[in-house]
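Undergrad: I am sharing upload.txt, which consists of compact mmCIF, C-alpha atoms:
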```txt
# COMPACT_ATOMS: atom_id res chain seq x y z
CA MET A 61 -40.93 63.58 -94.88
CA ALA A 62 -41.72 62.88 -91.21
CA SER A 63 -44.80 64.61 -89.85
CA LEU A 64 -44.77 66.87 -86.82
CA PHE A 65 -46.64 64.12 -84.94
CA ASP A 66 -43.86 61.62 -85.73
CA LYS A 67 -41.19 64.06 -84.53
CA ILE A 68 -43.05 64.66 -81.26
CA ASN A 69 -43.40 60.90 -80.68
CA LEU A 70 -39.69 60.33 -81.38
CA THR A 71 -38.73 63.14 -78.99
CA SER A 72 -40.98 61.71 -76.27
CA ILE A 73 -39.49 58.25 -76.69
CA LEU A 74 -35.93 59.58 -76.47
CA ILE A 75 -36.75 61.57 -73.31
CA ALA A 76 -38.36 58.50 -71.73
CA LEU A 77 -35.37 56.32 -72.56
CA SER A 78 -33.00 58.92 -71.08
CA ILE A 79 -35.00 59.03 -67.85
CA LEU A 80 -35.03 55.22 -67.61
CA THR A 81 -31.28 55.07 -68.23
CA VAL A 82 -30.53 57.59 -65.48
CA PHE A 83 -32.87 55.75 -63.10
CA ALA A 84 -31.16 52.42 -63.85
CA ILE A 85 -27.72 53.93 -63.20
CA PHE A 86 -28.79 55.22 -59.80
CA GLN A 87 -30.32 51.84 -58.95
CA VAL A 88 -27.00 50.12 -59.70
CA ILE A 89 -25.07 52.68 -57.65
CA ASP A 90 -27.45 52.19 -54.73
CA HIS A 91 -27.05 48.40 -54.72
CA VAL A 92 -23.35 48.02 -55.38
CA GLN A 93 -20.99 48.23 -52.45
CA TYR A 94 -17.24 48.35 -53.09
CA ASN A 95 -15.27 46.24 -50.67
CA SER A 96 -11.79 47.76 -50.67
CA ALA A 97 -10.33 45.27 -48.19
CA PHE A 98 -10.68 42.46 -50.72
CA GLY A 99 -10.55 44.36 -54.01
CA SER A 100 -13.92 43.12 -55.27
CA ILE A 101 -17.41 44.49 -55.87
CA HIS A 102 -20.33 43.01 -53.97
CA ALA A 103 -24.00 43.59 -54.80
CA ASN A 104 -25.34 44.21 -51.30
CA PRO A 105 -28.63 45.35 -49.82
CA ILE A 106 -28.40 48.85 -48.43
CA ILE A 107 -28.39 48.84 -44.61
CA PRO A 108 -27.63 51.54 -42.05
CA ILE A 109 -23.94 51.51 -41.17
CA THR A 110 -22.54 52.97 -37.98
CA SER A 111 -20.26 55.91 -38.69
CA GLU A 112 -16.61 54.94 -38.32
CA SER A 113 -16.11 57.92 -36.02
CA GLU A 114 -18.44 56.18 -33.54
CA PHE A 115 -16.44 52.93 -33.59
CA LEU A 116 -14.58 51.80 -30.49
CA THR A 117 -10.88 50.98 -30.66
CA TYR A 118 -9.48 47.65 -29.51
CA ASP A 119 -5.75 47.41 -28.83
CA ASP A 120 -4.15 44.04 -28.12
CA LEU A 121 -0.93 44.84 -26.28
CA ILE A 122 0.08 41.18 -26.05
CA THR A 123 -0.16 40.12 -29.69
CA GLY A 124 0.46 43.57 -31.16
CA PHE A 125 -2.54 44.66 -33.24
CA GLY A 126 -5.46 47.02 -33.05
CA MET A 127 -8.80 47.50 -34.83
CA LYS A 128 -11.95 49.57 -34.64
CA TYR A 129 -15.34 47.91 -34.19
CA PRO A 130 -19.00 49.00 -33.87
CA PRO A 131 -20.01 50.10 -30.34
CA ASP A 132 -22.94 47.67 -30.20
CA TRP A 133 -20.78 44.62 -30.99
CA GLU A 134 -19.66 42.35 -28.15
CA ARG A 135 -16.00 41.55 -27.64
CA SER A 136 -14.80 38.22 -26.28
CA GLN A 137 -11.21 37.20 -25.57
CA HIS A 138 -10.14 33.55 -25.51
CA ILE A 139 -7.52 31.48 -23.73
CA ASP A 140 -5.58 31.06 -26.99
CA LYS A 141 -5.20 34.88 -27.07
CA SER A 142 -7.60 35.22 -30.00
CA VAL A 143 -10.40 37.78 -29.84
CA THR A 144 -13.91 37.64 -31.30
CA PHE A 145 -16.21 40.54 -32.16
CA LEU A 146 -19.91 39.58 -32.25
CA ALA A 147 -22.70 41.46 -33.99
CA PRO A 148 -25.78 42.05 -31.80
CA ARG A 149 -28.43 39.37 -31.92
CA GLU A 150 -31.44 40.07 -34.07
CA SER A 151 -35.01 39.67 -32.87
CA ASN A 152 -36.23 36.10 -32.36
CA SER A 153 -32.71 34.71 -32.62
CA ASP A 154 -30.53 33.05 -29.99
CA THR A 155 -27.31 33.33 -32.00
CA ASN A 156 -25.15 36.22 -33.14
CA PRO A 157 -25.68 36.81 -36.87
CA ALA A 158 -22.05 37.68 -37.67
CA GLU A 159 -18.63 37.57 -36.06
CA VAL A 160 -15.03 38.48 -36.70
CA ARG A 161 -12.26 36.49 -35.03
CA ILE A 162 -8.58 37.39 -35.02
CA MET A 163 -5.78 35.03 -34.05
CA VAL A 164 -2.07 35.76 -33.96
CA ILE A 165 0.55 33.00 -33.73
CA GLY A 166 4.31 32.89 -33.87
CA SER A 167 5.56 31.65 -37.21
CA ASN A 168 8.93 31.42 -38.92
CA THR A 169 7.59 29.65 -42.00
CA THR A 170 6.53 31.05 -45.38
CA LEU A 171 3.11 32.32 -46.39
CA THR A 172 2.83 29.44 -48.87
CA SER A 173 3.39 26.93 -46.07
CA ILE A 174 0.84 28.70 -43.87
CA THR A 175 -1.69 28.57 -46.71
CA GLN A 176 -1.17 24.85 -47.25
CA THR A 177 -1.52 24.15 -43.52
CA GLN A 178 -4.61 26.32 -43.13
CA LEU A 179 -6.41 24.80 -46.11
CA SER A 180 -5.61 21.30 -44.87
CA THR A 181 -6.84 22.19 -41.36
CA LEU A 182 -10.12 23.57 -42.69
CA LYS A 183 -10.77 20.45 -44.76
CA ASN A 184 -10.17 18.27 -41.70
CA LEU A 185 -12.40 20.40 -39.48
CA TYR A 186 -15.25 20.74 -41.97
CA PRO A 187 -15.84 17.62 -44.13
CA ASP A 188 -18.55 19.42 -46.13
CA ILE A 189 -16.47 22.54 -46.84
CA GLN A 190 -17.03 24.18 -50.21
CA ILE A 191 -14.31 26.67 -51.16
CA LEU A 192 -15.90 29.37 -53.30
CA GLU A 193 -12.82 31.53 -53.78
CA SER A 194 -9.12 31.20 -52.97
CA ILE A 195 -6.79 33.97 -54.10
CA GLU A 196 -3.46 35.62 -53.38
CA SER A 197 -3.95 39.13 -52.06
CA THR A 198 -2.32 41.84 -49.93
CA PHE A 199 -3.15 43.13 -46.48
CA LEU A 200 -1.45 46.12 -44.84
CA GLY A 201 1.04 45.96 -47.68
CA HIS A 202 1.96 42.35 -46.89
CA PRO A 203 1.42 39.36 -49.20
CA ALA A 204 -1.71 37.59 -48.01
CA HIS A 205 -4.12 34.82 -48.93
CA MET A 206 -7.91 35.08 -48.85
CA ILE A 207 -10.55 32.38 -49.11
CA ILE A 208 -14.34 32.39 -49.05
CA PHE A 209 -16.11 29.14 -48.20
CA THR A 210 -19.21 27.52 -46.77
CA ALA A 211 -19.28 24.79 -44.13
CA THR A 212 -21.38 23.40 -41.30
CA ASP A 213 -20.03 24.76 -38.01
CA ASP A 214 -20.03 23.25 -34.50
CA THR A 215 -23.60 24.48 -33.95
CA GLN A 216 -24.70 22.38 -36.95
CA ASN A 217 -25.57 25.49 -38.94
CA LEU A 218 -24.40 26.10 -42.49
CA ARG A 219 -22.24 29.20 -42.44
CA LYS A 220 -20.42 31.28 -45.00
CA ALA A 221 -16.98 32.52 -44.05
CA MET A 222 -14.11 34.60 -45.31
CA GLN A 223 -10.57 34.16 -44.03
CA ILE A 224 -7.47 36.17 -44.73
CA TRP A 225 -4.01 35.46 -43.38
CA PHE A 226 -0.72 37.25 -43.71
CA LYS A 227 2.72 37.39 -42.12
CA GLU A 228 4.56 40.24 -40.47
CA ASP A 229 8.06 39.43 -39.25
CA THR A 230 7.70 36.30 -37.07
CA LYS A 231 3.92 36.58 -36.61
CA ALA A 232 1.08 35.13 -38.65
CA PHE A 233 -2.30 36.89 -38.47
CA LEU A 234 -5.51 34.96 -39.21
CA ILE A 235 -8.72 36.98 -39.61
CA THR A 236 -12.05 35.18 -39.98
CA TYR A 237 -15.44 36.69 -40.76
CA LYS A 238 -18.42 34.35 -40.74
CA SER A 239 -22.17 34.63 -40.97
CA ASP A 240 -25.01 32.68 -42.53
CA ASN A 241 -25.59 32.79 -46.27
CA GLU A 242 -28.49 35.22 -46.04
CA ARG A 243 -26.65 37.78 -43.91
CA PHE A 244 -23.12 37.40 -45.27
CA SER A 245 -23.39 40.26 -47.78
CA LYS A 246 -25.43 42.38 -45.40
CA TYR A 247 -22.55 42.75 -42.94
CA LEU A 248 -19.75 43.16 -45.50
CA PRO A 249 -19.78 47.00 -45.41
CA THR A 250 -19.23 46.90 -41.63
CA ILE A 251 -16.55 44.21 -41.94
CA ASP A 252 -14.83 46.33 -44.57
CA LYS A 253 -14.67 49.29 -42.19
CA MET A 254 -13.31 47.10 -39.42
CA LEU A 255 -10.59 45.53 -41.55
CA ASN A 256 -9.57 48.83 -43.12
CA SER A 257 -8.96 50.14 -39.59
CA PHE A 258 -6.73 47.15 -38.71
CA TYR A 259 -3.12 47.92 -37.76
CA THR A 260 -0.13 46.20 -36.20
CA TYR A 261 2.71 47.48 -34.06
CA LYS A 262 5.86 46.23 -32.44
CA ASN A 263 5.52 45.00 -28.86
```
Can you present the structure in this file as C-alpha cells?
TA:
Amino acid sequence: MASLFDKINLTSILIALSILTVFAIFQVIDHVQYNSAFGSIHANPIIPITSESEFLTYDDLITGFGMKYPPDWERSQHIDKSVTFLAPRESNSDTNPAEVRIMVIGSNTTLTSITQTQLSTLKNLYPDIQILESIESTFLGHPAHMIIFTATDDTQNLRKAMQIWFKEDTKAFLITYKSDNERFSKYLPTIDKMLNSFYTYKN
C-alpha cells in the first residue's frame, strides 16, 4: 500500500506536469502566426503590428485594384504602372528591409502558361535562384500560383521572396513580397494583412 508521503509526491508531480503543459501550450500559441493568405502556418517572432484600422488605402484607377498598407510604409509608382510599398528603414541600414510590389498586365493566356513564363523568367534573371515552394493556390477566389524562393538581387544581396499570380478576365496580377532571410518571417503578419485587404474592380 502506498504511503501518504508517496501520494503527496505523486500529486505534486502531476500538478507540476499540468502547469508545464499549459505553459508549453501558451508558448506555442504565442509563437505561431497563421498566414491566411497562403493557407500555411509560420512560426514567427512576435512583433508589434499596426492595427488594420490605421492602414492607408491605395486605389489604382488605371490598372483596377486597391489595397491597404501601413501608414509608415513608403509608396512608389513606376513607369511600367507597377507600384511598390516599402517598409521603413531600420536603424543603421541604408536599405528598406521589406517590400511588396504589384504589377498588372494584359493577358489572354492561361494561368498555366503564365506560370511557365514566370518561372522561366525568374530562372533567367536569377542564376542562383532556389525555389523553396511552388504550389497551386487561390486568391480572391481565382486560381492562382504561389512560389517562395531565394536569390541574389540587383543590389547583390541574398533575398527571400514570395510571389503569387492570378488572372481575372483579361488581366494578370503579379504580387511580390521580398525581404532578407532574417526578416522574412518578421514581416509576414503585416504582409498577410495587406494581401487580405487586396481587391480588384472593373475600370
Undergrad: Around region 189-193 of chain A, with edges along x, y and z and 8 Å added on all six sides, what centre and edge lengths do you get, in Å to one decimal, as AutoDock Vina command-line options?
TA:
```
--center_x -14.9 --center_y 27.0 --center_z -50.3 --size_x 20.2 --size_y 25.0 --size_z 22.9
```
Undergrad: Go through A:Asp188, A:Asp229, A:Glu159, A:Glu196 one by one, measure the shortest atom-to-atom distance of each to Thr250 (chain A) using all atoms listed in the file, and give the residue with the smallest value.
TA: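 Ranking A:Asp188, A:Asp229, A:Glu159, A:Glu196 by distance to Thr250 (chain A), first place goes to A:Glu159.
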Undergrad: Using CA of Ser245 (chain A) and CA of Thr172 (chain A) as the two end points, give the distance in Å to one decimal.
TA: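 For CA of Ser245 (chain A) relative to CA of Thr172 (chain A), the distance reads 28.4 Å.
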Undergrad: Which region 240-263 of chain A residues have any atom within 12 Å of an atom of region 115-133 of chain A, and for each, what is the nearest pair of atoms with distance in Å to one decimal, counting all atoms listed in the file, rows sorted by chain and number, as JSON lines?
TA:
```
{"residue": "A:Tyr247", "atom": "CA", "partner": "A:Pro130", "partner_atom": "CA", "distance": 11.6}
{"residue": "A:Pro249", "atom": "CA", "partner": "A:Pro130", "partner_atom": "CA", "distance": 11.7}
{"residue": "A:Thr250", "atom": "CA", "partner": "A:Pro130", "partner_atom": "CA", "distance": 8.0}
{"residue": "A:Ile251", "atom": "CA", "partner": "A:Tyr129", "partner_atom": "CA", "distance": 8.7}
{"residue": "A:Asp252", "atom": "CA", "partner": "A:Tyr129", "partner_atom": "CA", "distance": 10.5}
{"residue": "A:Lys253", "atom": "CA", "partner": "A:Lys128", "partner_atom": "CA", "distance": 8.0}
{"residue": "A:Met254", "atom": "CA", "partner": "A:Lys128", "partner_atom": "CA", "distance": 5.5}
{"residue": "A:Leu255", "atom": "CA", "partner": "A:Met127", "partner_atom": "CA", "distance": 7.2}
{"residue": "A:Asn256", "atom": "CA", "partner": "A:Met127", "partner_atom": "CA", "distance": 8.4}
{"residue": "A:Ser257", "atom": "CA", "partner": "A:Met127", "partner_atom": "CA", "distance": 5.4}
{"residue": "A:Phe258", "atom": "CA", "partner": "A:Met127", "partner_atom": "CA", "distance": 4.4}
{"residue": "A:Tyr259", "atom": "CA", "partner": "A:Gly126", "partner_atom": "CA", "distance": 5.3}
{"residue": "A:Thr260", "atom": "CA", "partner": "A:Phe125", "partner_atom": "CA", "distance": 4.1}
{"residue": "A:Tyr261", "atom": "CA", "partner": "A:Gly124", "partner_atom": "CA", "distance": 5.4}
{"residue": "A:Lys262", "atom": "CA", "partner": "A:Gly124", "partner_atom": "CA", "distance": 6.2}
{"residue": "A:Asn263", "atom": "CA", "partner": "A:Gly124", "partner_atom": "CA", "distance": 5.7}
```
Undergrad: Considering only C-alpha atoms, can you say which of A:Gln176, A:Gln190, A:Thr144, A:Asn156 comes closest to Thr212 (chain A)?
TA: A:Gln190
Undergrad: So what do you get for CA of Arg135 (chain A) versus CA of Arg161 (chain A), distance-wise?
TA: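 Computed distance, CA of Arg135 (chain A) to CA of Arg161 (chain A), equals 9.7 Å.
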Undergrad: In Å, rounded to a single decimal, give me how far CA of Ala221 (chain A) is from CA of Asn241 (chain A).
TA: 8.9 Å
Undergrad: Check the smallest atom-to-atom distance from each of A:Pro148, A:Gln137, A:Ser194, A:Thr230 to Ile162 (chain A) using only C-alpha atoms, then report the winner.
TA: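 Result for the nearest residue to Ile162 (chain A): A:Gln137.
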Undergrad: With all atoms listed in the file as the counted atoms, please give the residues lying no more than 10 Å from Met206 (chain A), apart from itself and same-chain residues fewer than 2 positions off, as a PyMOL selection string.
TA: chain A and resi 98+175+193-199+204+208+222-226+234-236
Undergrad: Pick from A:Asn184, A:Thr155, A:Asn168, A:Thr177: nearest to Ala232 (chain A), with all atoms listed in the file counted?
TA: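 Of the candidates, the smallest distance to Ala232 (chain A) is held by A:Asn168.
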Undergrad: So that I can check the surroundings of Lys227 (chain A), please list as a list in words every protein, DNA and RNA residue that reaches within 7 Å of it, counting all atoms listed in the file and ignoring chain neighbours fewer than 6 positions away.
TA: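 Final neighbour list, sorted by chain and number: Leu171, His202 and Phe233 of chain A.
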Undergrad: Measuring atom to atom with only C-alpha atoms, identify which of A:Leu248, A:Lys183, A:Asp240, A:Asn152 is nearest to Thr215 (chain A).
TA: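 Result for the nearest residue to Thr215 (chain A): A:Asp240.
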Undergrad: Find, counting all atoms listed in the file, the residue in A:Val160, A:Lys220, A:Leu185, A:Glu228 that gets nearest to Gly201 (chain A).
TA: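 Checking each of A:Val160, A:Lys220, A:Leu185, A:Glu228 against Gly201 (chain A), counting all atoms listed in the file, the winner is A:Glu228.
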